[in-house]
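This is run_2.cif (mmCIF, C-alpha atoms and all ligand atoms).
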```cif
data_work
#
loop_
_atom_site.group_PDB
_atom_site.id
_atom_site.type_symbol
_atom_site.label_atom_id
_atom_site.label_comp_id
_atom_site.auth_asym_id
_atom_site.auth_seq_id
_atom_site.Cartn_x
_atom_site.Cartn_y
_atom_site.Cartn_z
ATOM 1 C CA GLU N 318 0.000 0.000 0.000
ATOM 2 C CA ASP N 319 2.855 2.380 0.843
ATOM 3 C CA GLU N 320 4.494 1.507 -2.442
ATOM 4 C CA LYS N 321 1.311 2.253 -4.344
ATOM 5 C CA ILE N 322 1.074 5.665 -2.696
ATOM 6 C CA MET N 323 4.709 6.436 -3.513
ATOM 7 C CA ILE N 324 4.392 5.352 -7.142
ATOM 8 C CA GLU N 325 1.284 7.481 -7.540
ATOM 9 C CA GLY N 326 3.059 10.398 -5.884
ATOM 10 C CA ALA N 327 6.045 9.974 -8.202
ATOM 11 C CA LEU N 328 3.819 9.850 -11.281
ATOM 12 C CA LYS N 329 2.158 13.088 -10.233
ATOM 13 C CA LEU N 330 5.477 14.946 -10.180
ATOM 14 C CA SER N 331 5.045 15.807 -13.849
ATOM 15 C CA GLU N 332 1.749 17.546 -13.079
ATOM 16 C CA LYS N 333 3.175 20.005 -10.575
ATOM 17 C CA ASN N 334 5.521 22.959 -10.867
ATOM 18 C CA VAL N 335 8.293 24.155 -8.623
ATOM 19 C CA ARG N 336 6.164 27.164 -7.619
ATOM 20 C CA ASP N 337 3.483 24.819 -6.196
ATOM 21 C CA VAL N 338 5.781 23.411 -3.513
ATOM 22 C CA MET N 339 8.545 26.009 -3.040
ATOM 23 C CA THR N 340 9.017 28.074 0.109
ATOM 24 C CA PRO N 341 8.209 31.700 -0.854
ATOM 25 C CA ILE N 342 11.179 34.023 -0.482
ATOM 26 C CA ASN N 343 9.540 36.134 2.230
ATOM 27 C CA HIS N 344 9.332 32.975 4.389
ATOM 28 C CA VAL N 345 12.966 32.039 3.876
ATOM 29 C CA PHE N 346 15.396 32.398 6.750
ATOM 30 C CA THR N 347 18.395 34.294 5.409
ATOM 31 C CA VAL N 348 21.475 35.982 6.850
ATOM 32 C CA CYS N 349 23.301 38.992 5.440
ATOM 33 C CA GLU N 350 26.812 38.654 4.020
ATOM 34 C CA GLU N 351 28.171 41.416 6.261
ATOM 35 C CA GLU N 352 26.906 39.986 9.548
ATOM 36 C CA ILE N 353 29.341 39.105 12.309
ATOM 37 C CA ILE N 354 29.240 35.492 13.457
ATOM 38 C CA ASP N 355 29.008 36.132 17.182
ATOM 39 C CA TYR N 356 27.033 34.369 19.952
ATOM 40 C CA ASP N 357 23.845 36.193 18.968
ATOM 41 C CA PHE N 358 24.248 35.081 15.350
ATOM 42 C CA MET N 359 24.922 31.470 16.362
ATOM 43 C CA GLY N 360 21.800 31.556 18.544
ATOM 44 C CA ARG N 361 19.560 32.849 15.758
ATOM 45 C CA VAL N 362 20.879 30.366 13.221
ATOM 46 C CA SER N 363 20.566 27.516 15.691
ATOM 47 C CA ASP N 364 16.971 28.514 16.589
ATOM 48 C CA ALA N 365 15.999 28.698 12.915
ATOM 49 C CA GLY N 366 17.260 25.130 12.590
ATOM 50 C CA TYR N 367 17.868 25.063 8.821
ATOM 51 C CA SER N 368 20.877 23.242 7.431
ATOM 52 C CA ARG N 369 21.156 25.569 4.394
ATOM 53 C CA ILE N 370 20.847 29.344 4.689
ATOM 54 C CA PRO N 371 20.736 31.713 1.721
ATOM 55 C CA VAL N 372 22.991 34.740 2.191
ATOM 56 C CA THR N 373 21.769 38.180 1.126
ATOM 57 C CA LYS N 374 23.656 41.128 -0.286
ATOM 58 C CA ARG N 375 24.651 43.982 2.001
ATOM 59 C CA GLY N 376 21.598 46.225 2.353
ATOM 60 C CA GLY N 377 19.654 43.928 0.067
ATOM 61 C CA ARG N 378 16.237 42.368 0.281
ATOM 62 C CA ASN N 379 15.557 38.676 0.918
ATOM 63 C CA SER N 380 15.503 38.121 -2.831
ATOM 64 C CA ASP N 381 19.040 39.540 -3.353
ATOM 65 C CA ILE N 382 20.865 36.303 -2.653
ATOM 66 C CA THR N 383 24.608 36.134 -3.213
ATOM 67 C CA GLY N 384 25.589 32.885 -1.560
ATOM 68 C CA LEU N 385 24.787 29.920 0.594
ATOM 69 C CA LEU N 386 25.856 29.170 4.144
ATOM 70 C CA PHE N 387 25.644 25.632 5.503
ATOM 71 C CA LEU N 388 25.021 25.122 9.194
ATOM 72 C CA ARG N 389 27.964 22.726 9.175
ATOM 73 C CA ASP N 390 30.291 25.535 7.982
ATOM 74 C CA LEU N 391 29.904 27.081 11.426
ATOM 75 C CA VAL N 392 30.843 24.192 13.678
ATOM 76 C CA MET N 393 34.563 24.949 13.734
ATOM 77 C CA LEU N 394 34.143 28.714 14.201
ATOM 78 C CA ASP N 395 34.770 30.485 17.484
ATOM 79 C CA PRO N 396 32.068 33.137 18.099
ATOM 80 C CA ASP N 397 34.737 35.249 19.841
ATOM 81 C CA ASP N 398 36.692 35.586 16.586
ATOM 82 C CA ASN N 399 34.017 37.879 15.074
ATOM 83 C CA THR N 400 34.261 36.224 11.668
ATOM 84 C CA ILE N 401 32.155 37.878 8.949
ATOM 85 C CA VAL N 402 29.635 35.755 7.026
ATOM 86 C CA SER N 403 31.224 36.633 3.655
ATOM 87 C CA THR N 404 34.578 35.270 4.844
ATOM 88 C CA VAL N 405 32.946 31.889 5.347
ATOM 89 C CA THR N 406 30.938 31.923 2.095
ATOM 90 C CA ASN N 407 34.043 32.996 0.125
ATOM 91 C CA PHE N 408 35.922 30.105 1.644
ATOM 92 C CA TYR N 409 33.401 27.345 0.933
ATOM 93 C CA LYS N 410 31.856 28.857 -2.217
ATOM 94 C CA HIS N 411 28.827 26.529 -2.241
ATOM 95 C CA GLN N 412 27.291 26.699 -5.702
ATOM 96 C CA LEU N 413 23.899 28.342 -6.029
ATOM 97 C CA MET N 414 21.500 26.516 -8.291
ATOM 98 C CA THR N 415 18.712 28.469 -9.973
ATOM 99 C CA VAL N 416 15.579 27.151 -11.657
ATOM 100 C CA ASP N 417 12.473 28.699 -13.163
ATOM 101 C CA GLN N 418 9.285 28.630 -11.104
ATOM 102 C CA ASP N 419 7.490 26.802 -13.935
ATOM 103 C CA MET N 420 9.857 23.820 -14.007
ATOM 104 C CA LYS N 421 8.014 20.510 -13.516
ATOM 105 C CA LEU N 422 8.830 18.609 -10.351
ATOM 106 C CA ASP N 423 10.073 15.502 -12.157
ATOM 107 C CA ASP N 424 12.577 17.667 -14.077
ATOM 108 C CA MET N 425 13.501 19.410 -10.815
ATOM 109 C CA LEU N 426 14.271 16.055 -9.223
ATOM 110 C CA GLU N 427 16.554 15.244 -12.170
ATOM 111 C CA GLU N 428 18.322 18.614 -11.756
ATOM 112 C CA PHE N 429 18.969 17.898 -8.080
ATOM 113 C CA LYS N 430 20.359 14.449 -8.931
ATOM 114 C CA LYS N 431 22.522 15.782 -11.758
ATOM 115 C CA ASN N 432 23.974 18.642 -9.708
ATOM 116 C CA HIS N 433 24.215 16.777 -6.398
ATOM 117 C CA HIS N 434 22.429 19.685 -4.736
ATOM 118 C CA HIS N 435 19.655 19.743 -2.171
ATOM 119 C CA LEU N 436 18.537 23.369 -2.467
ATOM 120 C CA SER N 437 17.837 25.625 -5.415
ATOM 121 C CA LEU N 438 16.766 29.217 -5.803
ATOM 122 C CA VAL N 439 13.537 29.686 -7.737
ATOM 123 C CA THR N 440 13.250 32.646 -10.100
ATOM 124 C CA MET N 441 10.530 34.384 -12.086
ATOM 125 C CA PRO N 442 10.657 37.097 -14.754
ATOM 126 C CA ILE N 443 10.288 40.624 -13.370
ATOM 127 C CA GLN N 444 7.033 42.195 -14.536
ATOM 128 C CA THR N 445 7.960 45.347 -16.437
ATOM 129 C CA GLY N 446 4.747 47.108 -17.379
ATOM 130 C CA THR N 447 2.836 45.710 -20.332
ATOM 131 C CA GLU N 448 5.674 44.656 -22.614
ATOM 132 C CA THR N 449 6.737 41.055 -22.656
ATOM 133 C CA ASP N 450 10.493 41.421 -22.823
ATOM 134 C CA SER N 451 12.167 38.231 -24.047
ATOM 135 C CA LYS N 452 15.367 39.089 -22.216
ATOM 136 C CA ALA N 453 13.430 40.152 -19.108
ATOM 137 C CA GLU N 454 15.370 40.282 -15.889
ATOM 138 C CA ARG N 455 14.599 37.687 -13.289
ATOM 139 C CA GLU N 456 14.141 37.799 -9.572
ATOM 140 C CA THR N 457 14.230 35.188 -6.856
ATOM 141 C CA CYS N 458 10.736 34.294 -5.651
ATOM 142 C CA GLY N 459 11.496 31.272 -3.478
ATOM 143 C CA ILE N 460 13.625 28.258 -2.647
ATOM 144 C CA ILE N 461 12.994 24.579 -3.213
ATOM 145 C CA THR N 462 14.757 21.651 -1.585
ATOM 146 C CA LEU N 463 14.875 17.931 -2.271
ATOM 147 C CA GLU N 464 12.714 17.535 0.817
ATOM 148 C CA ASP N 465 9.881 19.489 -0.832
ATOM 149 C CA ILE N 466 9.815 16.973 -3.698
ATOM 150 C CA ILE N 467 10.112 13.919 -1.473
ATOM 151 C CA GLU N 468 7.152 15.202 0.515
ATOM 152 C CA GLU N 469 5.135 15.237 -2.700
ATOM 153 C CA ILE N 470 6.079 11.639 -3.435
ATOM 154 C CA ILE N 471 5.282 10.385 0.041
ATOM 155 C CA CYS N 472 2.349 12.526 1.215
ATOM 156 C CA ASP N 473 0.419 13.598 -1.837
ATOM 157 C CA GLU N 474 -1.996 10.676 -1.996
ATOM 158 C CA ILE N 475 -2.635 10.674 1.734
ATOM 159 C CA VAL N 476 -3.582 14.356 1.739
ATOM 160 C CA ASP N 477 -5.663 14.115 -1.416
ATOM 161 C CA GLU N 478 -7.885 11.203 -0.539
HETATM 162 P P1 LIG T 1 16.568 21.264 6.546
HETATM 163 O O1 LIG T 1 17.535 20.210 6.081
HETATM 164 O O2 LIG T 1 17.231 22.553 6.878
HETATM 165 O O3 LIG T 1 15.598 20.803 7.590
HETATM 166 P P2 LIG T 1 14.998 20.640 4.230
HETATM 167 O O4 LIG T 1 15.805 20.629 2.980
HETATM 168 O O5 LIG T 1 14.701 19.331 4.877
HETATM 169 O O6 LIG T 1 15.659 21.640 5.271
HETATM 170 O O7 LIG T 1 13.632 21.405 3.928
HETATM 171 C C1 LIG T 1 12.531 21.399 4.834
HETATM 172 C C2 LIG T 1 11.595 22.533 4.478
HETATM 173 O O8 LIG T 1 12.168 23.779 4.894
HETATM 174 C C3 LIG T 1 11.323 22.675 2.989
HETATM 175 O O9 LIG T 1 9.979 23.063 2.798
HETATM 176 C C4 LIG T 1 12.267 23.796 2.546
HETATM 177 O O10 LIG T 1 11.753 24.509 1.438
HETATM 178 C C5 LIG T 1 12.312 24.647 3.795
HETATM 179 N N1 LIG T 1 13.610 25.362 3.995
HETATM 180 C C6 LIG T 1 14.864 24.890 3.804
HETATM 181 N N2 LIG T 1 15.789 25.826 4.111
HETATM 182 C C7 LIG T 1 15.094 26.926 4.519
HETATM 183 C C8 LIG T 1 15.453 28.255 4.970
HETATM 184 N N3 LIG T 1 16.741 28.654 5.073
HETATM 185 N N4 LIG T 1 14.450 29.122 5.298
HETATM 186 C C9 LIG T 1 13.143 28.734 5.206
HETATM 187 N N5 LIG T 1 12.738 27.523 4.792
HETATM 188 C C10 LIG T 1 13.691 26.620 4.444
#
```
Using structure tokens, write down the structure that the file contains.
Amino acid sequence: EDEKIMIEGALKLSEKNVRDVMTPINHVFTVCEEEIIDYDFMGRVSDAGYSRIPVTKRGGRNSDITGLLFLRDLVMLDPDDNTIVSTVTNFYKHQLMTVDQDMKLDDMLEEFKKNHHHLSLVTMPIQTGTETDSKAERETCGIITLEDIIEEIICDEIVDE
């Protein structure tokens, strides 16, 4: 029975888009690249509990993401050293993956497998008035993780019926 549910969930991946399951950018826990990694910072990051944290540009909004900080990057740091976030991100240089909000979930799963990543930024074209600009600029509207897709495979049928 579990297998049936999972197979049905997997088959439905082609019917859903990244935007249907992503975490909207205003709900994403981020840190700023210029922040000092002190006790307060460690406390906030630990309370948030996420293993991957998008890093925003100095003075930027949540959607201005320049890097990625992993919780595990912090374990060897001494909060008394006042290390800056950008020092850590420049050291590890975790690649940022970006996908369009309209990508189908089965393709998204393939992207994660191909890139060996667990988190991707999700982007959408910026609405500029009435014109549909083919080279329109894009902005980040959310994040998606492997977990979001696995949840679809495992839970979908249970929630639906
Ligand atoms: P973690 O490993 O940190 O628990 P998962 O990859 O298991 O994160 O994702 C669990 C859920 O949390 C997913 O819905 C994902 O979109 C969301 N998520 C992951 N990282 C963050 C973050 N930094 N801020 C907000 N939500 C996040």
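Distances from N:Thr347, N:Thr404, N:Asn379, N:Ser363 to Val392 in chain N were compared using all atoms listed in the file, and the smallest one belongs to N:Ser363.
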Could you give me the residues within 6 Å of ligand LIG 1 (chain T), counting all atoms listed in the file, as an MDAnalysis selection string?
chainID N and resid 339:340 344:347 367:370 460:465
For Ser437 in chain N, which of N:Asp337, N:Asp395, N:Glu352, N:Asp417 is the closest residue, counting all atoms listed in the file?
N:Asp417
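With distances restricted to only C-alpha atoms, N:His411 is the closest residue to Gly384 in chain N from N:Arg336, N:Arg455, N:His411, N:Lys329.
Using the PyMOL selection byres (((chain N and resi 351) around 6) and not hetatm) on the file at hand returns these residues: N:Cys349, N:Glu350, N:Glu352, N:Ile401, N:Val402.
With distances restricted to all atoms listed in the file, N:Cys472 is the closest residue to Asp319 in chain N from N:Asp364, N:Lys374, N:Cys472, N:Val405.
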Using all atoms listed in the file, collect all residues at a distance of at most 12 Å from (27.1, 32.3, 15.2) as written in the file, then present them as a PyMOL selection string.
chain N and resi 348+352-365+386-402+405
Using all atoms listed in the file: which of N:Leu385, N:Leu438, N:Met323, N:Ile466 has the shortest distance to Leu426 in chain N:
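The answer is N:Ile466, which sits nearest to Leu426 in chain N.
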Find the residues near Gln418 in chain N: any atom within 6 Å, counting only C-alpha atoms, skip ones fewer than 4 places away on the same chain, and give them as an mmCIF file with C-alpha atoms, keeping the file's coordinate frame.
```cif
data_model
loop_
_atom_site.group_PDB
_atom_site.id
_atom_site.type_symbol
_atom_site.label_atom_id
_atom_site.label_comp_id
_atom_site.auth_asym_id
_atom_site.auth_seq_id
_atom_site.Cartn_x
_atom_site.Cartn_y
_atom_site.Cartn_z
ATOM 1 C CA VAL N 335 8.293 24.155 -8.623
ATOM 2 C CA ARG N 336 6.164 27.164 -7.619
ATOM 3 C CA VAL N 439 13.537 29.686 -7.737
ATOM 4 C CA THR N 440 13.250 32.646 -10.100
ATOM 5 C CA MET N 441 10.530 34.384 -12.086
#
```
Env of Glu325 in chain N: 10 Å cut, atoms = only C-alpha atoms, seq-sep filter 4 positions within chain, self excluded. Answer as a PDB file with C-alpha atoms, in the frame of the given file.
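What landed in selection25.pdb:
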```
ATOM      1  CA  ASP N 319       2.855   2.380   0.843  1.00  0.00           C
ATOM      2  CA  GLU N 320       4.494   1.507  -2.442  1.00  0.00           C
ATOM      3  CA  LYS N 321       1.311   2.253  -4.344  1.00  0.00           C
ATOM      4  CA  LYS N 329       2.158  13.088 -10.233  1.00  0.00           C
ATOM      5  CA  LEU N 330       5.477  14.946 -10.180  1.00  0.00           C
ATOM      6  CA  GLU N 469       5.135  15.237  -2.700  1.00  0.00           C
ATOM      7  CA  ILE N 470       6.079  11.639  -3.435  1.00  0.00           C
ATOM      8  CA  ILE N 471       5.282  10.385   0.041  1.00  0.00           C
ATOM      9  CA  ASP N 473       0.419  13.598  -1.837  1.00  0.00           C
ATOM     10  CA  GLU N 474      -1.996  10.676  -1.996  1.00  0.00           C
TER      11      GLU N 474
END
```
Tell me, in Å to one decimal, how far CA of Phe429 in chain N is from CA of Phe408 in chain N.
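Between these atoms lies a distance of 23.0 Å.
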Taking all atoms listed in the file into account, name the residue in N:Leu413, N:Leu422, N:Ile443, N:Ile467 that is nearest to Val372 in chain N.
N:Leu413
Quick one: residues within 9 Å of Glu332 in chain N, only C-alpha atoms counted, chain neighbours fewer than 4 positions away excluded, as a list in words?
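The residues satisfying every condition are Leu328, Lys421, Leu422 and Asp423 of chain N.
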